[in-house]
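Okay, so here's the structure we're looking at.
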Amino acid sequence: MKVCIAEKPSVARDIAEIIGAKQRRDGYYEGNGYQVTWTFGHFCTLKEPHDYYDQWKYWHLEDLPMIPPSFGIKLIENDGVKKQFQIIEQLVQQCEEVINCGDAGQEGELIQRWVLLKAKCTVPVKRLWISSLTEEAIRNGFQQLKDSEQYNNLYAAGSARAIGDWLLGMNATRLFTKKFAVGKTVLSIGRVQTPTLAMIVQRQKEINAFVSEDYWELKTIYRETEFTAAIDRLGSVDKAQKGLAYLKEHPFEVTSFEKKDGKEGNPRLFDLTALQVDANKKYGFTADDTLKYVQNLYEKKLVTYPRVDTTYLSEDLHPKIPGILQDMAPYSALTAPVLAKPIPKLKTVFDDKKVTDHHAIIPTGVHPGGIPLEEKRIYDLIARRFIAAFYPECKISNTTVLGKVGQVPFKVTGKQIIEPGWKEVYANDTSIKKEGEEEEKFIPDFVVGESGPHTPRIHQGKTTPPKPFTEASLLRAMETAGKQVDDEAMRELLKDNGIGRPSTRANIIETLFRRKYIDKKKKNIYATQTGMDLIDTIQTELLKSPELTGQWERKLRLIEKGEYAMDTFKDELIQMVVDLTKEVKTASYKTITITPDTPPEEVKPKKEPKPKAAPVTIEEQQCPKCKEHQLKKGSTAYGCANFKVCGFKVPFEIMGKKLTDKQIADLLTKGKTARIKGWRIPGSEEEKSGKLVLTKEFNIELE
């Protein structure tokens, strides 16, 4: 019997149907010599500090740094996970071969390998490696199963990433919390989240320090065309007035006229980051939302594997392109001109050297019927980008005219589209204009030496501060380790040194929001005072430098390619954590207060006067009953994330009264609310006043 392990029940069901395992059992499908089972995301995690030594349960400076002798894994505390794992373990120990059908990426590989490690798998393991979940892709994948050993480097990189995040996150968070935090405040430090925050803080400081200044420019209209003086901006109105008087005394003369034909290259196919950037610019979707929508499209077989960082296709896909375009029936008006000619094998689209495990995100050709609006919008972005890649280039004409008035030089530039080419795919869509791209502007023909009257004027303006980050520009900055790059070819070169992975950047941004280190106003992202204080406290450049963190990321990519040893990476990180601990322990004391998030303590310290606490975020609180899981917001109550086992909840409404978040927070953190009026006791017509109290049995009673 061969056991297939998929990452989700829905994928397992599709695989089982295709390979003939059609008999439903408890936790798996069976038939045709196969048993198809599943996980649901992460089943295993690295052991926590207290799993190694009891004293590591408590947050003490003297116990840092925590360096386990070797890293182990454990099952996540969840009854559903435990039950399904027992089924997997039993199947794996009775089979002749395992087929790893996990998500075809680094995280998917890690999830499955840890499960097989925990299940003590000793039989041969094969790997299903596919880029889409269509029936054809699954059938082909089973005909070309790979040896699991081919992906050992991918697993090593995933393990190194997890261990690196544990070493830095666990140690640095405890280190900075115990050294600099007030009361129950937790200062969260992460290998990727901290340099990301540092970029936002740096931008925030530039904005805060910016002082706007007035400036004046000289402009003039000659033959219905406005020219701007090609000199430095003027710093006072007096200078501008003198300049204007001078211009009125002299005619305008054309000194140069140049018209050049040019081309605007087709936009590259989407990788995940580019898709998240476009969706944020056009629809305001967060990076996290876009990842969810495109993952849904992938699972519905509508697009290829989305967690990719390449904008290229493998060359063997070239013959399949006409078939995909032909199947895209809703876009037939746009695909017809492309299908009328042979599909060109463009080097900007097809390049095996630029494709590793997966190619760029493209449609599969499956009809996108009955999907939600948000997913439809993401699908449309992917479909149009795919079609546009095979259209002709956009042909343009660039015009530059130079002139002078007396001794003052003037200049104007213009652009005209001669043949729209790929821009036809985006007709009436203004959102595709690139950052800083010039609008189309017609310039008439001029003759060098011609001269005549003109109408000069003064333009007054104000200098503007640097733009705050949006999710789109922040994703780009993470991808290029803080370097501002607009050119797509240059962006490709910098990807290896970016911070984070395409699939994790969205979660990093969400974590910073959740920790109250950053905030959002409309589309703009701002650093909070807490975020700024935290970065100011961190003196170690390696913790907050995007460039240096990008170098760590590059080493992880080299591990993936088999060009760097995982043990070397681990040793370097351990040394960094040791050095960091020494440095911070002797640093000057500066307190930071943020939203409470209680670390466990052996003995409660004596109560001291505390600064006024920041508002409590309920969903960041630990369940007071099991003390293992965070609270989650449901439809009628806040409850333990492991509610089925723990059973703890606080309803939004009690005895006819809707509780405020402040009242619920008081109940959770103080064990009781303030006195509240208007309770309606069942069986009594009178309203009562009193405090809600959380009993030792974790029931809620009126006192």
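Order determines the names: the first chain of the structure tokens is A, the second B, and so forth; residues in each chain are numbered 1 upward, and ligands are numbered 1 upward as they are shown.
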
DSSP on the backbone, helix (DSSP H, G or I) only: what residues of region 242-469 of chain A does that give? Format it as a PyMOL selection string.
chain A and resi 242-248+272-283+287-299+315-327+329-339+352-354+373-388+421-426+430-432

Write the residues you've just listed into a file as an mmCIF file, in the first residue's frame, and include C-alpha atoms for each of them.
```
data_model
loop_
_atom_site.group_PDB
_atom_site.id
_atom_site.type_symbol
_atom_site.label_atom_id
_atom_site.label_comp_id
_atom_site.auth_asym_id
_atom_site.auth_seq_id
_atom_site.Cartn_x
_atom_site.Cartn_y
_atom_site.Cartn_z
ATOM 1 C CA LYS A 242 13.121 90.009 -11.229
ATOM 2 C CA GLY A 243 13.318 86.904 -13.439
ATOM 3 C CA LEU A 244 9.814 87.526 -14.774
ATOM 4 C CA ALA A 245 10.671 91.153 -15.623
ATOM 5 C CA TYR A 246 13.781 89.934 -17.480
ATOM 6 C CA LEU A 247 11.751 87.366 -19.482
ATOM 7 C CA LYS A 248 9.262 90.025 -20.588
ATOM 8 C CA LEU A 272 3.558 36.898 -5.599
ATOM 9 C CA THR A 273 5.053 40.226 -4.499
ATOM 10 C CA ALA A 274 4.247 41.980 -7.798
ATOM 11 C CA LEU A 275 0.668 40.669 -7.598
ATOM 12 C CA GLN A 276 0.311 41.921 -3.998
ATOM 13 C CA VAL A 277 1.720 45.319 -5.041
ATOM 14 C CA ASP A 278 -0.709 45.689 -7.967
ATOM 15 C CA ALA A 279 -3.711 44.523 -5.930
ATOM 16 C CA ASN A 280 -2.851 47.052 -3.206
ATOM 17 C CA LYS A 281 -2.476 49.901 -5.712
ATOM 18 C CA LYS A 282 -5.611 49.091 -7.694
ATOM 19 C CA TYR A 283 -8.023 47.696 -5.085
ATOM 20 C CA ALA A 287 -0.806 41.732 1.126
ATOM 21 C CA ASP A 288 -2.428 39.152 3.410
ATOM 22 C CA ASP A 289 -5.799 39.451 1.636
ATOM 23 C CA THR A 290 -4.206 39.030 -1.796
ATOM 24 C CA LEU A 291 -2.330 35.925 -0.639
ATOM 25 C CA LYS A 292 -5.598 34.400 0.645
ATOM 26 C CA TYR A 293 -7.475 35.199 -2.575
ATOM 27 C CA VAL A 294 -4.786 33.841 -4.908
ATOM 28 C CA GLN A 295 -4.360 30.727 -2.717
ATOM 29 C CA ASN A 296 -8.111 30.132 -3.082
ATOM 30 C CA LEU A 297 -7.817 30.536 -6.871
ATOM 31 C CA TYR A 298 -4.980 27.987 -6.868
ATOM 32 C CA GLU A 299 -7.025 25.484 -4.860
ATOM 33 C CA GLU A 315 10.839 26.958 -21.744
ATOM 34 C CA ASP A 316 8.927 23.648 -21.889
ATOM 35 C CA LEU A 317 5.694 25.616 -21.244
ATOM 36 C CA HIS A 318 5.986 27.467 -24.582
ATOM 37 C CA PRO A 319 4.010 24.874 -26.632
ATOM 38 C CA LYS A 320 1.193 24.901 -24.026
ATOM 39 C CA ILE A 321 0.572 28.682 -24.144
ATOM 40 C CA PRO A 322 -1.827 28.695 -27.167
ATOM 41 C CA GLY A 323 -4.003 26.062 -25.448
ATOM 42 C CA ILE A 324 -4.247 28.100 -22.226
ATOM 43 C CA LEU A 325 -5.081 31.289 -24.162
ATOM 44 C CA GLN A 326 -7.676 29.380 -26.218
ATOM 45 C CA ASP A 327 -9.354 28.143 -23.011
ATOM 46 C CA ALA A 329 -13.078 32.161 -23.156
ATOM 47 C CA PRO A 330 -14.090 35.316 -21.195
ATOM 48 C CA TYR A 331 -11.016 37.068 -22.664
ATOM 49 C CA SER A 332 -11.447 35.845 -26.260
ATOM 50 C CA ALA A 333 -11.570 39.417 -27.672
ATOM 51 C CA LEU A 334 -8.102 40.047 -26.191
ATOM 52 C CA THR A 335 -6.567 36.640 -26.950
ATOM 53 C CA ALA A 336 -7.707 36.525 -30.606
ATOM 54 C CA PRO A 337 -4.958 38.885 -31.947
ATOM 55 C CA VAL A 338 -2.295 36.846 -30.089
ATOM 56 C CA LEU A 339 -3.612 33.485 -31.299
ATOM 57 C CA ASP A 352 14.941 28.176 -17.580
ATOM 58 C CA LYS A 353 17.821 29.869 -15.735
ATOM 59 C CA LYS A 354 15.365 32.173 -13.949
ATOM 60 C CA LEU A 373 -15.710 39.488 -6.454
ATOM 61 C CA GLU A 374 -12.335 39.805 -4.672
ATOM 62 C CA GLU A 375 -11.055 36.576 -6.219
ATOM 63 C CA LYS A 376 -12.449 37.655 -9.587
ATOM 64 C CA ARG A 377 -10.414 40.871 -9.384
ATOM 65 C CA ILE A 378 -7.213 38.976 -8.575
ATOM 66 C CA TYR A 379 -7.905 36.508 -11.390
ATOM 67 C CA ASP A 380 -8.445 39.407 -13.801
ATOM 68 C CA LEU A 381 -5.074 40.936 -12.853
ATOM 69 C CA ILE A 382 -3.324 37.606 -13.521
ATOM 70 C CA ALA A 383 -5.234 36.903 -16.748
ATOM 71 C CA ARG A 384 -4.594 40.327 -18.299
ATOM 72 C CA ARG A 385 -0.914 40.291 -17.312
ATOM 73 C CA PHE A 386 -0.563 36.840 -18.937
ATOM 74 C CA ILE A 387 -2.239 37.990 -22.170
ATOM 75 C CA ALA A 388 -0.293 41.281 -22.264
ATOM 76 C CA GLY A 421 0.634 47.226 -28.430
ATOM 77 C CA TRP A 422 0.180 45.547 -25.012
ATOM 78 C CA LYS A 423 -1.569 48.648 -23.626
ATOM 79 C CA GLU A 424 -4.679 47.578 -25.574
ATOM 80 C CA VAL A 425 -5.160 44.878 -22.925
ATOM 81 C CA TYR A 426 -5.523 47.687 -20.362
ATOM 82 C CA THR A 430 -5.390 54.241 -15.616
ATOM 83 C CA SER A 431 -4.007 52.182 -12.719
ATOM 84 C CA ILE A 432 -1.289 50.551 -14.846
#
```

Give the strand (DSSP E) residues of region 117-322 of chain A, as assigned by DSSP on the backbone, as an MDAnalysis selection string.
chainID A and resid 125:127 146:147 214:222 225:229 252:264

Restrict the selected residues to N, CA, C and O atoms and save them as a CSV table (one decimal), in the first residue's frame.
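Okay, part_37.csv is ready:
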```
chain,number,residue,atom,x,y,z
A,125,VAL,N,10.4,7.4,0.5
A,125,VAL,CA,9.4,8.6,0.3
A,125,VAL,C,9.6,9.1,-1.1
A,125,VAL,O,10.8,9.4,-1.5
A,126,LYS,N,8.5,9.3,-1.8
A,126,LYS,CA,8.5,10.0,-3.1
A,126,LYS,C,7.9,11.4,-3.0
A,126,LYS,O,7.2,11.6,-2.0
A,127,ARG,N,8.1,12.2,-3.9
A,127,ARG,CA,7.6,13.6,-3.9
A,127,ARG,C,6.8,13.9,-5.1
A,127,ARG,O,7.2,13.8,-6.2
A,146,LYS,N,9.1,12.3,-8.0
A,146,LYS,CA,10.5,12.5,-7.7
A,146,LYS,C,11.0,11.8,-6.4
A,146,LYS,O,10.2,11.5,-5.6
A,147,ASP,N,12.3,11.6,-6.3
A,147,ASP,CA,12.8,11.0,-5.1
A,147,ASP,C,12.8,12.1,-4.0
A,147,ASP,O,13.2,13.3,-4.3
A,214,ASP,N,8.7,77.1,0.6
A,214,ASP,CA,8.2,77.6,-0.6
A,214,ASP,C,9.3,77.7,-1.7
A,214,ASP,O,10.5,77.9,-1.3
A,215,TYR,N,8.9,77.5,-2.9
A,215,TYR,CA,9.9,77.8,-4.0
A,215,TYR,C,9.1,78.4,-5.2
A,215,TYR,O,7.9,78.3,-5.3
A,216,TRP,N,9.9,79.0,-6.1
A,216,TRP,CA,9.3,79.6,-7.3
A,216,TRP,C,10.0,79.1,-8.5
A,216,TRP,O,11.2,78.9,-8.5
A,217,GLU,N,9.3,78.9,-9.6
A,217,GLU,CA,9.8,78.5,-10.9
A,217,GLU,C,9.3,79.5,-12.0
A,217,GLU,O,8.2,80.0,-11.9
A,218,LEU,N,10.2,79.7,-13.0
A,218,LEU,CA,9.8,80.5,-14.1
A,218,LEU,C,9.3,79.6,-15.2
A,218,LEU,O,9.9,78.6,-15.6
A,219,LYS,N,8.1,79.9,-15.8
A,219,LYS,CA,7.5,79.1,-16.9
A,219,LYS,C,7.1,80.1,-18.0
A,219,LYS,O,6.9,81.3,-17.7
A,220,THR,N,7.0,79.6,-19.2
A,220,THR,CA,6.4,80.5,-20.2
A,220,THR,C,5.7,79.7,-21.3
A,220,THR,O,6.0,78.5,-21.5
A,221,ILE,N,4.7,80.3,-21.9
A,221,ILE,CA,4.0,79.6,-23.0
A,221,ILE,C,4.4,80.2,-24.3
A,221,ILE,O,4.3,81.4,-24.6
A,222,TYR,N,4.9,79.3,-25.2
A,222,TYR,CA,5.2,79.7,-26.6
A,222,TYR,C,4.5,78.7,-27.5
A,222,TYR,O,4.7,77.5,-27.4
A,225,THR,N,2.5,75.9,-26.1
A,225,THR,CA,3.3,74.9,-25.4
A,225,THR,C,3.9,75.5,-24.2
A,225,THR,O,4.6,76.5,-24.3
A,226,GLU,N,3.8,74.9,-23.0
A,226,GLU,CA,4.4,75.5,-21.8
A,226,GLU,C,5.8,74.9,-21.6
A,226,GLU,O,6.0,73.7,-21.5
A,227,PHE,N,6.7,75.8,-21.4
A,227,PHE,CA,8.1,75.5,-21.2
A,227,PHE,C,8.5,75.8,-19.7
A,227,PHE,O,7.9,76.8,-19.2
A,228,THR,N,9.4,75.1,-19.1
A,228,THR,CA,9.9,75.4,-17.7
A,228,THR,C,11.3,75.8,-17.8
A,228,THR,O,12.1,75.2,-18.5
A,229,ALA,N,11.7,76.8,-17.0
A,229,ALA,CA,13.1,77.3,-17.0
A,229,ALA,C,14.0,76.2,-16.4
A,229,ALA,O,13.7,75.6,-15.4
A,252,PHE,N,11.2,84.5,-27.2
A,252,PHE,CA,11.5,83.1,-27.0
A,252,PHE,C,12.2,82.6,-28.3
A,252,PHE,O,11.7,82.8,-29.4
A,253,GLU,N,13.3,81.8,-28.1
A,253,GLU,CA,14.0,81.3,-29.3
A,253,GLU,C,14.2,79.8,-29.1
A,253,GLU,O,14.6,79.3,-28.0
A,254,VAL,N,13.9,79.0,-30.1
A,254,VAL,CA,14.1,77.5,-30.0
A,254,VAL,C,15.5,77.2,-30.4
A,254,VAL,O,16.0,77.6,-31.4
A,255,THR,N,16.2,76.4,-29.5
A,255,THR,CA,17.6,76.1,-29.7
A,255,THR,C,17.8,74.6,-30.1
A,255,THR,O,18.9,74.3,-30.6
A,256,SER,N,16.8,73.8,-29.8
A,256,SER,CA,17.0,72.4,-30.2
A,256,SER,C,15.6,71.7,-30.2
A,256,SER,O,14.7,72.0,-29.5
A,257,PHE,N,15.5,70.8,-31.2
A,257,PHE,CA,14.2,70.1,-31.4
A,257,PHE,C,14.6,68.6,-31.7
A,257,PHE,O,15.3,68.4,-32.7
A,258,GLU,N,14.2,67.7,-30.9
A,258,GLU,CA,14.5,66.3,-31.1
A,258,GLU,C,13.3,65.4,-30.9
A,258,GLU,O,12.6,65.5,-29.9
A,259,LYS,N,13.1,64.5,-31.9
A,259,LYS,CA,12.0,63.5,-31.8
A,259,LYS,C,12.6,62.1,-31.9
A,259,LYS,O,13.3,61.9,-32.9
A,260,LYS,N,12.4,61.3,-31.0
A,260,LYS,CA,13.0,59.9,-31.0
A,260,LYS,C,11.9,58.9,-30.9
A,260,LYS,O,11.0,59.0,-30.0
A,261,ASP,N,12.0,57.8,-31.7
A,261,ASP,CA,11.1,56.7,-31.5
A,261,ASP,C,11.6,55.8,-30.4
A,261,ASP,O,12.8,55.6,-30.3
A,262,GLY,N,10.7,55.3,-29.6
A,262,GLY,CA,11.1,54.4,-28.5
A,262,GLY,C,10.0,53.3,-28.3
A,262,GLY,O,9.0,53.2,-29.0
A,263,LYS,N,10.3,52.5,-27.3
A,263,LYS,CA,9.4,51.4,-27.0
A,263,LYS,C,9.2,51.3,-25.5
A,263,LYS,O,10.1,51.6,-24.7
A,264,GLU,N,8.0,50.9,-25.1
A,264,GLU,CA,7.7,50.5,-23.7
A,264,GLU,C,7.5,49.0,-23.6
A,264,GLU,O,6.6,48.5,-24.2
```

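The residue that comes closest to Val303 (chain A), out of A:Gly639, A:Gly365, A:Ala162, A:Glu619 and on the basis of only C-alpha atoms, is A:Gly365.
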
Using only C-alpha atoms, pick whichever of A:Ala6, A:Ala156, A:Ala665, A:Val186 has the shortest atom-to-atom distance to Leu110 (chain A).
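Answer, going by the shortest atom-to-atom distance: A:Ala156.
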
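Closest approach to Lys300 (chain A) among A:Lys239, A:Arg25, A:His367, A:Lys118: A:His367, based on only C-alpha atoms.
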
Using Å and a single decimal, report how far CA of Leu313 (chain A) sits from CA of His359 (chain A).
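Interatomic distance, CA of His359 (chain A) to CA of Leu313 (chain A): 4.9 Å.
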
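Of the listed residues A:Ile371, A:Gly461, A:Cys101, A:Thr185, the one whose atoms come nearest to Leu145 (chain A) is A:Cys101, with distances taken using only C-alpha atoms.
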
The distance between CA of Leu659 (chain A) and CA of Ile676 (chain A) is 9.8 Å

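Between Val211 (chain A) and the candidates A:Pro306, A:Gly647, A:Pro466, A:Gly690, the tightest atom-to-atom separation, counting only C-alpha atoms, involves A:Pro466.
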